[in-house]
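What follows is a short report on a single structure.
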Amino acid sequence: MHDIISMRDFDKATLLEFLGLAENAEKEIRENKIKDAEEKAVDKTLALLFFEPSTRTRLSFEKSAKLLGCKTIGFASEKEASLAKGESLIDTIKTVENYADAIVIRHSKEGAARLASEITEKPIINAGDGANQHPTQAMIDLYTIRKELGKIENISILLIGDLKYSRTIHSLVYALALFKARISLFSPRGLELQEDIMEEAEKMGAEIRIKDKLDLSEEDAVYVTRIQKERFPDISEYEKVKGSYRITLEHLKNAKKELIILHPLPRVDEIDYRVDFTKHAKYFEQVKNGIFVRVAILKKLLSI
Ligand code: NCD
């Protein structure tokens, strides 16, 4: 695979290959075989073009690059780039390809990463394009599921929150469908998962059910998302759904012992902080796993 643009480009074998590479990376990092190594610099440069805010994705790509001895260049907001002067994305990519061996891009427009991949021969990694896709996050989610539950195949998972605008959800649904997951959906009214994504996932072998109650009792995993306020065309629509769901200790009373709770973060108010202290909470494990997965991705795409 040359670029990572959408989870829809993956088949099961390729996804499993990446999860295996991430497992190797985890082992090597834990055994100190991969460590911040400026002295063994590999003469590769990774560009991080973040036109939209990010904490984990940007920092973990940066950290992963450093672990491998790669240099990083880039910017963390649109204001820092010439885009603020009116430069097009195409010209930005044509410029950056001269400085970097691979480009990680996050942009508010759907299709921005795909467009970038059509302009340059350099590998493009989509770190989120509008409400569309965030494939590397889905790889982290699957890695965490497999590590915590011991399997991905046929799991029962409940997706909660803004299923319409969450790009992490859109990527995750395709990834889960490759493993024939039983997917339940719970969202505020107006933020349902798009019909076409549902139909495609069902065709791929997922079983999809829509729930109208937050009942976690049958689930192996629960994936919570925040409402994507910044994507609402009309902010008064956001006000109507704001704060309309929240996972509390009460919801965990009849949960399976092994239930895992995932969240791509950032969290606003969807999960009560007291849930963090239960053994179900795995969202900070996802953060840790982000390094292993992204080290694996960079090693593969940059041939390190
Ligand atoms: C997500 C994103 O940017 O889509 N964050 C992430 O990368 N983990 C989720 C979000 O912003 O809600």
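Starting from 1 in every chain, residues are counted up; chains themselves are A, B, ... following the order of the structure tokens, and ligands are numbered from 1 as listed.
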(request) Please check which protein, DNA or RNA residues sit within 7 Å of ligand 1, counting only C-alpha atoms and all ligand atoms, and write them as a list in words. (result)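 Listed by chain and ascending number, the contacts are Ser54, Arg56, Thr57, Gly128, His134, Gln137, Ser166, Arg167, Thr168, Thr225, Arg226, Gln228, Pro264, Leu265 and Pro266 of chain A.
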(message) Please return, as a ChimeraX atom specification, all residues of segment 4-202 of chain A that DSSP assigns to strand (DSSP E) on the basis of the backbone.
(response) /A:45-50,71-75,102-107,124-129,156-160,182-186
Preceding selection exported with N, CA, C and O atoms as a short mmCIF file (atom, residue, chain, number, x, y, z; two decimals), in the first residue's frame:
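Okay, part29.cif is ready:
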```
data_model
loop_
_atom_site.label_atom_id
_atom_site.label_comp_id
_atom_site.auth_asym_id
_atom_site.auth_seq_id
_atom_site.Cartn_x
_atom_site.Cartn_y
_atom_site.Cartn_z
N THR A 45 12.40 12.45 5.87
CA THR A 45 11.67 13.56 6.48
C THR A 45 10.18 13.32 6.32
O THR A 45 9.71 12.99 5.22
N LEU A 46 9.46 13.49 7.42
CA LEU A 46 8.01 13.36 7.39
C LEU A 46 7.40 14.75 7.53
O LEU A 46 7.77 15.50 8.43
N ALA A 47 6.49 15.09 6.62
CA ALA A 47 5.80 16.38 6.74
C ALA A 47 4.46 16.17 7.45
O ALA A 47 3.73 15.22 7.15
N LEU A 48 4.19 17.05 8.39
CA LEU A 48 2.92 16.99 9.15
C LEU A 48 2.14 18.25 8.82
O LEU A 48 2.47 19.33 9.33
N LEU A 49 1.17 18.12 7.94
CA LEU A 49 0.39 19.30 7.51
C LEU A 49 -0.97 19.25 8.20
O LEU A 49 -1.88 18.53 7.76
N PHE A 50 -1.10 19.98 9.29
CA PHE A 50 -2.35 19.97 10.05
C PHE A 50 -3.07 21.29 9.88
O PHE A 50 -2.72 22.29 10.49
N LYS A 71 13.29 12.98 10.48
CA LYS A 71 13.05 14.38 10.82
C LYS A 71 11.60 14.71 10.52
O LYS A 71 10.98 14.05 9.69
N THR A 72 11.07 15.72 11.19
CA THR A 72 9.71 16.16 10.87
C THR A 72 9.71 17.65 10.56
O THR A 72 10.51 18.42 11.12
N ILE A 73 8.83 18.03 9.63
CA ILE A 73 8.60 19.44 9.34
C ILE A 73 7.09 19.62 9.26
O ILE A 73 6.36 18.63 9.17
N GLY A 74 6.61 20.85 9.27
CA GLY A 74 5.17 21.03 9.07
C GLY A 74 4.59 22.16 9.88
O GLY A 74 5.31 23.01 10.40
N PHE A 75 3.27 22.16 9.94
CA PHE A 75 2.58 23.18 10.72
C PHE A 75 1.37 22.56 11.40
O PHE A 75 0.89 21.51 11.01
N ALA A 102 7.35 11.68 2.94
CA ALA A 102 5.94 11.28 3.08
C ALA A 102 5.21 12.44 3.75
O ALA A 102 5.84 13.27 4.42
N ILE A 103 3.89 12.48 3.53
CA ILE A 103 3.12 13.63 4.03
C ILE A 103 1.90 13.14 4.80
O ILE A 103 1.11 12.34 4.28
N VAL A 104 1.79 13.60 6.04
CA VAL A 104 0.58 13.35 6.83
C VAL A 104 -0.27 14.60 6.73
O VAL A 104 0.23 15.71 6.96
N ILE A 105 -1.53 14.44 6.39
CA ILE A 105 -2.36 15.63 6.20
C ILE A 105 -3.70 15.51 6.92
O ILE A 105 -4.34 14.46 6.89
N ARG A 106 -4.06 16.57 7.62
CA ARG A 106 -5.40 16.70 8.22
C ARG A 106 -6.01 17.98 7.68
O ARG A 106 -5.39 19.04 7.73
N HIS A 107 -7.24 17.86 7.17
CA HIS A 107 -7.86 19.00 6.49
C HIS A 107 -9.36 18.95 6.71
O HIS A 107 -9.94 17.88 6.88
N ILE A 124 0.98 9.56 0.95
CA ILE A 124 0.10 10.46 1.71
C ILE A 124 -0.62 9.64 2.79
O ILE A 124 -1.14 8.55 2.52
N ILE A 125 -0.63 10.17 4.00
CA ILE A 125 -1.38 9.53 5.09
C ILE A 125 -2.49 10.49 5.51
O ILE A 125 -2.21 11.64 5.89
N ASN A 126 -3.71 10.03 5.42
CA ASN A 126 -4.85 10.85 5.80
C ASN A 126 -5.03 10.84 7.32
O ASN A 126 -5.34 9.81 7.92
N ALA A 127 -4.84 11.99 7.94
CA ALA A 127 -5.01 12.10 9.40
C ALA A 127 -6.37 12.74 9.71
O ALA A 127 -6.55 13.32 10.77
N GLY A 128 -7.30 12.59 8.77
CA GLY A 128 -8.65 13.14 8.95
C GLY A 128 -8.98 14.13 7.86
O GLY A 128 -8.27 15.12 7.71
N ASP A 129 -10.03 13.82 7.06
CA ASP A 129 -10.49 14.78 6.05
C ASP A 129 -11.96 15.08 6.31
O ASP A 129 -12.84 14.29 6.01
N SER A 156 -19.39 -7.97 19.38
CA SER A 156 -20.58 -7.14 19.50
C SER A 156 -20.14 -5.77 20.00
O SER A 156 -19.54 -5.66 21.07
N ILE A 157 -20.38 -4.76 19.19
CA ILE A 157 -19.88 -3.43 19.55
C ILE A 157 -20.98 -2.39 19.37
O ILE A 157 -21.74 -2.43 18.39
N LEU A 158 -21.06 -1.47 20.32
CA LEU A 158 -22.05 -0.40 20.26
C LEU A 158 -21.33 0.92 19.97
O LEU A 158 -20.40 1.30 20.69
N LEU A 159 -21.73 1.58 18.90
CA LEU A 159 -21.14 2.88 18.54
C LEU A 159 -22.09 3.97 19.02
O LEU A 159 -23.28 3.97 18.67
N ILE A 160 -21.55 4.89 19.80
CA ILE A 160 -22.39 5.89 20.46
C ILE A 160 -22.00 7.31 20.04
O ILE A 160 -20.80 7.63 20.01
N ARG A 182 -20.88 -7.49 14.87
CA ARG A 182 -22.28 -7.14 15.12
C ARG A 182 -22.26 -5.72 15.68
O ARG A 182 -21.79 -5.48 16.79
N ILE A 183 -22.72 -4.79 14.89
CA ILE A 183 -22.59 -3.37 15.23
C ILE A 183 -23.96 -2.80 15.63
O ILE A 183 -24.92 -2.90 14.87
N SER A 184 -24.03 -2.22 16.84
CA SER A 184 -25.25 -1.50 17.21
C SER A 184 -24.94 -0.01 17.19
O SER A 184 -23.80 0.41 17.45
N LEU A 185 -25.96 0.76 16.88
CA LEU A 185 -25.77 2.21 16.74
C LEU A 185 -26.70 2.96 17.68
O LEU A 185 -27.89 2.65 17.77
N PHE A 186 -26.15 3.94 18.38
CA PHE A 186 -26.98 4.81 19.23
C PHE A 186 -26.54 6.25 19.00
O PHE A 186 -25.38 6.60 19.23
#
```
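Every protein or nucleic acid residue with an atom no more than 8 Å from Ala201 of chain A, counting only C-alpha atoms and leaving out same-chain residues fewer than 5 positions away, appears here: A:Val173, A:Tyr174, A:Ala177, A:Ala206.
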For segment 191-301 of chain A against segment 3-24 of chain A, with a cut-off of 10 Å and counting only C-alpha atoms, what is the closest atom pair and its distance in Å to one decimal for every residue that makes the cut, ordered by chain and number, as a tab-separated table?
```
residue	atom	partner	partner_atom	distance
A:Glu200	CA	A:Arg8	CA	10.0
A:Asn289	CA	A:Ala22	CA	8.5
A:Gly290	CA	A:Ala22	CA	9.3
A:Ile291	CA	A:Ala22	CA	8.7
A:Phe292	CA	A:Ala22	CA	5.1
A:Val293	CA	A:Ala22	CA	4.7
A:Arg294	CA	A:Ala22	CA	7.7
A:Val295	CA	A:Ala22	CA	7.2
A:Ala296	CA	A:Ala22	CA	5.0
A:Ile297	CA	A:Phe18	CA	7.2
A:Lys299	CA	A:Leu21	CA	8.9
A:Lys300	CA	A:Leu21	CA	8.4
A:Leu301	CA	A:Asp3	CA	7.5
```
Please, could you write that set of residues out with N, CA and C atoms as a PDB file, in the first residue's frame?
```
ATOM      1  N   GLU A 200     -23.379  -0.481   2.798  1.00  0.00           N
ATOM      2  CA  GLU A 200     -22.107  -1.041   2.341  1.00  0.00           C
ATOM      3  C   GLU A 200     -21.519  -1.985   3.392  1.00  0.00           C
ATOM      4  N   ASN A 289      -1.407   2.893  22.216  1.00  0.00           N
ATOM      5  CA  ASN A 289      -1.311   2.038  21.027  1.00  0.00           C
ATOM      6  C   ASN A 289      -1.098   2.857  19.764  1.00  0.00           C
ATOM      7  N   GLY A 290      -1.483   4.118  19.801  1.00  0.00           N
ATOM      8  CA  GLY A 290      -1.311   5.007  18.654  1.00  0.00           C
ATOM      9  C   GLY A 290       0.139   5.056  18.206  1.00  0.00           C
ATOM     10  N   ILE A 291       1.048   5.034  19.138  1.00  0.00           N
ATOM     11  CA  ILE A 291       2.476   5.065  18.788  1.00  0.00           C
ATOM     12  C   ILE A 291       2.865   3.792  18.040  1.00  0.00           C
ATOM     13  N   PHE A 292       2.444   2.636  18.548  1.00  0.00           N
ATOM     14  CA  PHE A 292       2.851   1.362  17.916  1.00  0.00           C
ATOM     15  C   PHE A 292       2.325   1.287  16.480  1.00  0.00           C
ATOM     16  N   VAL A 293       1.060   1.679  16.341  1.00  0.00           N
ATOM     17  CA  VAL A 293       0.436   1.608  15.011  1.00  0.00           C
ATOM     18  C   VAL A 293       1.104   2.598  14.054  1.00  0.00           C
ATOM     19  N   ARG A 294       1.388   3.798  14.544  1.00  0.00           N
ATOM     20  CA  ARG A 294       1.945   4.808  13.627  1.00  0.00           C
ATOM     21  C   ARG A 294       3.420   4.548  13.316  1.00  0.00           C
ATOM     22  N   VAL A 295       4.146   3.973  14.262  1.00  0.00           N
ATOM     23  CA  VAL A 295       5.519   3.552  13.952  1.00  0.00           C
ATOM     24  C   VAL A 295       5.469   2.510  12.831  1.00  0.00           C
ATOM     25  N   ALA A 296       4.548   1.565  12.948  1.00  0.00           N
ATOM     26  CA  ALA A 296       4.418   0.513  11.925  1.00  0.00           C
ATOM     27  C   ALA A 296       4.076   1.127  10.564  1.00  0.00           C
ATOM     28  N   ILE A 297       3.165   2.077  10.554  1.00  0.00           N
ATOM     29  CA  ILE A 297       2.756   2.716   9.294  1.00  0.00           C
ATOM     30  C   ILE A 297       3.939   3.442   8.649  1.00  0.00           C
ATOM     31  N   LYS A 299       7.168   2.954   9.180  1.00  0.00           N
ATOM     32  CA  LYS A 299       8.203   2.004   8.753  1.00  0.00           C
ATOM     33  C   LYS A 299       7.853   1.431   7.386  1.00  0.00           C
ATOM     34  N   LYS A 300       6.575   1.077   7.243  1.00  0.00           N
ATOM     35  CA  LYS A 300       6.137   0.437   5.990  1.00  0.00           C
ATOM     36  C   LYS A 300       6.152   1.437   4.825  1.00  0.00           C
ATOM     37  N   LEU A 301       5.522   2.601   5.029  1.00  0.00           N
ATOM     38  CA  LEU A 301       5.396   3.535   3.909  1.00  0.00           C
ATOM     39  C   LEU A 301       6.720   4.206   3.535  1.00  0.00           C
TER      40      LEU A 301
END
```
(message) So the first atom is atom CA of His263 of chain A and the second is atom CA of Val224 of chain A; what is the distance between them in Å, to one decimal place?
(response)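 If I compute the distance from atom CA of His263 of chain A to atom CA of Val224 of chain A, I get 5.0 Å.
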(message) When DSSP is applied to the backbone of this structure, which of segment 17-95 of chain A are assigned alpha helix (DSSP H)? Write them out as a ChimeraX atom specification.
(response) /A:17-30,56-67,89-95
(message) With distances taken over only C-alpha atoms, which residue among A:Tyr273, A:Leu149, A:Lys240, A:Arg189 lies nearest Glu219 of chain A?
(response) A:Leu149
(message) So, with only C-alpha atoms as the atoms that count, which of A:Met204, A:Met198, A:Ala100, A:Leu163 lies closest to Lys44 of chain A?
(response)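 Checking each of A:Met204, A:Met198, A:Ala100, A:Leu163 against Lys44 of chain A, counting only C-alpha atoms, the winner is A:Ala100.
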(message) Please list as a list in words every residue within 12 Å of Lys94 of chain A, counting only C-alpha atoms and excluding residues in the same chain fewer than 2 positions away.
(response)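 Counting only the stated atoms, we get Glu87, Ser88, Leu89, Ile90, Asp91, Thr92, Val96, Glu97, Asn98, Tyr99, Ala100, Ile103, Leu115, Ala116, Ser117, Glu118, Ile119, Thr120, Glu121 and Lys122 of chain A.
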Store the residues picked out above, limited to N, CA, C and O atoms, as an mmCIF file, in the first residue's frame.
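Result written to out-v2.cif:
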```cif
data_model
loop_
_atom_site.group_PDB
_atom_site.id
_atom_site.type_symbol
_atom_site.label_atom_id
_atom_site.label_comp_id
_atom_site.auth_asym_id
_atom_site.auth_seq_id
_atom_site.Cartn_x
_atom_site.Cartn_y
_atom_site.Cartn_z
ATOM 1 N N GLU A 87 -3.193 30.476 -0.560
ATOM 2 C CA GLU A 87 -2.575 29.427 -1.381
ATOM 3 C C GLU A 87 -3.475 28.193 -1.436
ATOM 4 O O GLU A 87 -4.121 27.836 -0.457
ATOM 5 N N SER A 88 -3.483 27.533 -2.586
ATOM 6 C CA SER A 88 -4.326 26.339 -2.732
ATOM 7 C C SER A 88 -3.634 25.137 -2.101
ATOM 8 O O SER A 88 -2.418 25.112 -1.926
ATOM 9 N N LEU A 89 -4.445 24.117 -1.813
ATOM 10 C CA LEU A 89 -3.899 22.870 -1.267
ATOM 11 C C LEU A 89 -2.946 22.247 -2.289
ATOM 12 O O LEU A 89 -1.892 21.733 -1.936
ATOM 13 N N ILE A 90 -3.320 22.328 -3.547
ATOM 14 C CA ILE A 90 -2.494 21.735 -4.603
ATOM 15 C C ILE A 90 -1.091 22.345 -4.601
ATOM 16 O O ILE A 90 -0.085 21.634 -4.608
ATOM 17 N N ASP A 91 -1.013 23.675 -4.530
ATOM 18 C CA ASP A 91 0.308 24.331 -4.517
ATOM 19 C C ASP A 91 1.077 23.994 -3.244
ATOM 20 O O ASP A 91 2.299 23.847 -3.271
ATOM 21 N N THR A 92 0.347 23.867 -2.135
ATOM 22 C CA THR A 92 1.013 23.512 -0.876
ATOM 23 C C THR A 92 1.660 22.135 -1.004
ATOM 24 O O THR A 92 2.826 21.939 -0.641
ATOM 25 N N VAL A 96 5.556 21.081 -0.653
ATOM 26 C CA VAL A 96 6.035 20.222 0.442
ATOM 27 C C VAL A 96 6.669 18.933 -0.084
ATOM 28 O O VAL A 96 7.582 18.390 0.537
ATOM 29 N N GLU A 97 6.217 18.457 -1.242
ATOM 30 C CA GLU A 97 6.800 17.199 -1.758
ATOM 31 C C GLU A 97 8.298 17.338 -2.030
ATOM 32 O O GLU A 97 9.012 16.354 -2.081
ATOM 33 N N ASN A 98 8.760 18.576 -2.173
ATOM 34 C CA ASN A 98 10.200 18.797 -2.371
ATOM 35 C C ASN A 98 11.004 18.657 -1.080
ATOM 36 O O ASN A 98 12.212 18.511 -1.105
ATOM 37 N N TYR A 99 10.309 18.751 0.048
ATOM 38 C CA TYR A 99 11.012 18.748 1.337
ATOM 39 C C TYR A 99 10.848 17.448 2.109
ATOM 40 O O TYR A 99 11.502 17.271 3.127
ATOM 41 N N ALA A 100 9.905 16.602 1.685
ATOM 42 C CA ALA A 100 9.555 15.465 2.548
ATOM 43 C C ALA A 100 9.461 14.167 1.763
ATOM 44 O O ALA A 100 9.231 14.166 0.554
ATOM 45 N N ILE A 103 3.894 12.479 3.527
ATOM 46 C CA ILE A 103 3.121 13.627 4.031
ATOM 47 C C ILE A 103 1.903 13.136 4.798
ATOM 48 O O ILE A 103 1.108 12.345 4.279
ATOM 49 N N LEU A 115 -7.098 13.972 -2.899
ATOM 50 C CA LEU A 115 -6.603 14.952 -3.873
ATOM 51 C C LEU A 115 -5.080 15.062 -3.774
ATOM 52 O O LEU A 115 -4.372 15.002 -4.792
ATOM 53 N N ALA A 116 -4.573 15.177 -2.541
ATOM 54 C CA ALA A 116 -3.120 15.282 -2.352
ATOM 55 C C ALA A 116 -2.418 14.077 -2.964
ATOM 56 O O ALA A 116 -1.376 14.211 -3.616
ATOM 57 N N SER A 117 -3.007 12.890 -2.794
ATOM 58 C CA SER A 117 -2.351 11.671 -3.300
ATOM 59 C C SER A 117 -2.339 11.638 -4.826
ATOM 60 O O SER A 117 -1.523 10.936 -5.433
ATOM 61 N N GLU A 118 -3.255 12.375 -5.432
ATOM 62 C CA GLU A 118 -3.274 12.420 -6.897
ATOM 63 C C GLU A 118 -2.265 13.427 -7.448
ATOM 64 O O GLU A 118 -1.911 13.398 -8.617
ATOM 65 N N ILE A 119 -1.807 14.330 -6.578
ATOM 66 C CA ILE A 119 -0.880 15.375 -7.023
ATOM 67 C C ILE A 119 0.566 14.930 -6.905
ATOM 68 O O ILE A 119 1.407 15.294 -7.715
ATOM 69 N N THR A 120 0.847 14.144 -5.856
ATOM 70 C CA THR A 120 2.252 13.811 -5.582
ATOM 71 C C THR A 120 2.482 12.303 -5.593
ATOM 72 O O THR A 120 1.563 11.524 -5.317
ATOM 73 N N GLU A 121 3.719 11.943 -5.898
ATOM 74 C CA GLU A 121 4.126 10.536 -5.845
ATOM 75 C C GLU A 121 4.486 10.132 -4.425
ATOM 76 O O GLU A 121 4.621 8.954 -4.116
ATOM 77 N N LYS A 122 4.706 11.128 -3.573
ATOM 78 C CA LYS A 122 5.104 10.818 -2.188
ATOM 79 C C LYS A 122 3.920 10.195 -1.441
ATOM 80 O O LYS A 122 2.767 10.594 -1.682
#
```
Closest-contact table, segment 119-203 of chain A side, partner segment 245-251 of chain A, 9 Å, counting only C-alpha atoms, as a tab-separated table:
```
residue	atom	partner	partner_atom	distance
A:Ile160	CA	A:Tyr245	CA	8.6
A:Gly161	CA	A:Tyr245	CA	7.4
A:Ser187	CA	A:Tyr245	CA	8.4
A:Pro188	CA	A:Tyr245	CA	7.8
```
Given the selection you just returned, output its residues as a file containing N, CA, C and O atoms, formatted as a CSV table (one decimal), in the first residue's frame.
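Output saved as result17.csv:
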```
chain,number,residue,atom,x,y,z
A,160,ILE,N,-21.6,4.9,19.8
A,160,ILE,CA,-22.4,5.9,20.5
A,160,ILE,C,-22.0,7.3,20.0
A,160,ILE,O,-20.8,7.6,20.0
A,161,GLY,N,-23.0,8.1,19.8
A,161,GLY,CA,-22.7,9.6,19.7
A,161,GLY,C,-23.0,10.1,18.3
A,161,GLY,O,-24.0,9.8,17.7
A,187,SER,N,-27.4,7.1,18.5
A,187,SER,CA,-27.1,8.5,18.3
A,187,SER,C,-28.2,9.4,18.6
A,187,SER,O,-29.4,9.0,18.5
A,188,PRO,N,-27.9,10.7,18.9
A,188,PRO,CA,-29.0,11.6,19.0
A,188,PRO,C,-29.8,11.8,17.7
A,188,PRO,O,-29.2,11.5,16.6
```
(request) Please provide the set of residues having any atom within 9 Å of Ile227 of chain A, restricted to only C-alpha atoms, with same-chain residues fewer than 6 positions apart removed, written as a count of residues only. (result) 12
(request) Find, counting only C-alpha atoms, the residue in A:Leu298, A:Leu67, A:Ala84, A:Leu176 that gets nearest to Lys151 of chain A. (result) A:Leu176
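In terms of minimum interatomic distance to Tyr223 of chain A, A:Ile145 ranks closest within A:Ile145, A:Leu83, A:Ala65, A:Val287, counting only C-alpha atoms.
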(request) Calculate how many Å separate atom CA of Ser303 of chain A from atom CA of Ala76 of chain A, rounding to one decimal. (result) 25.5 Å
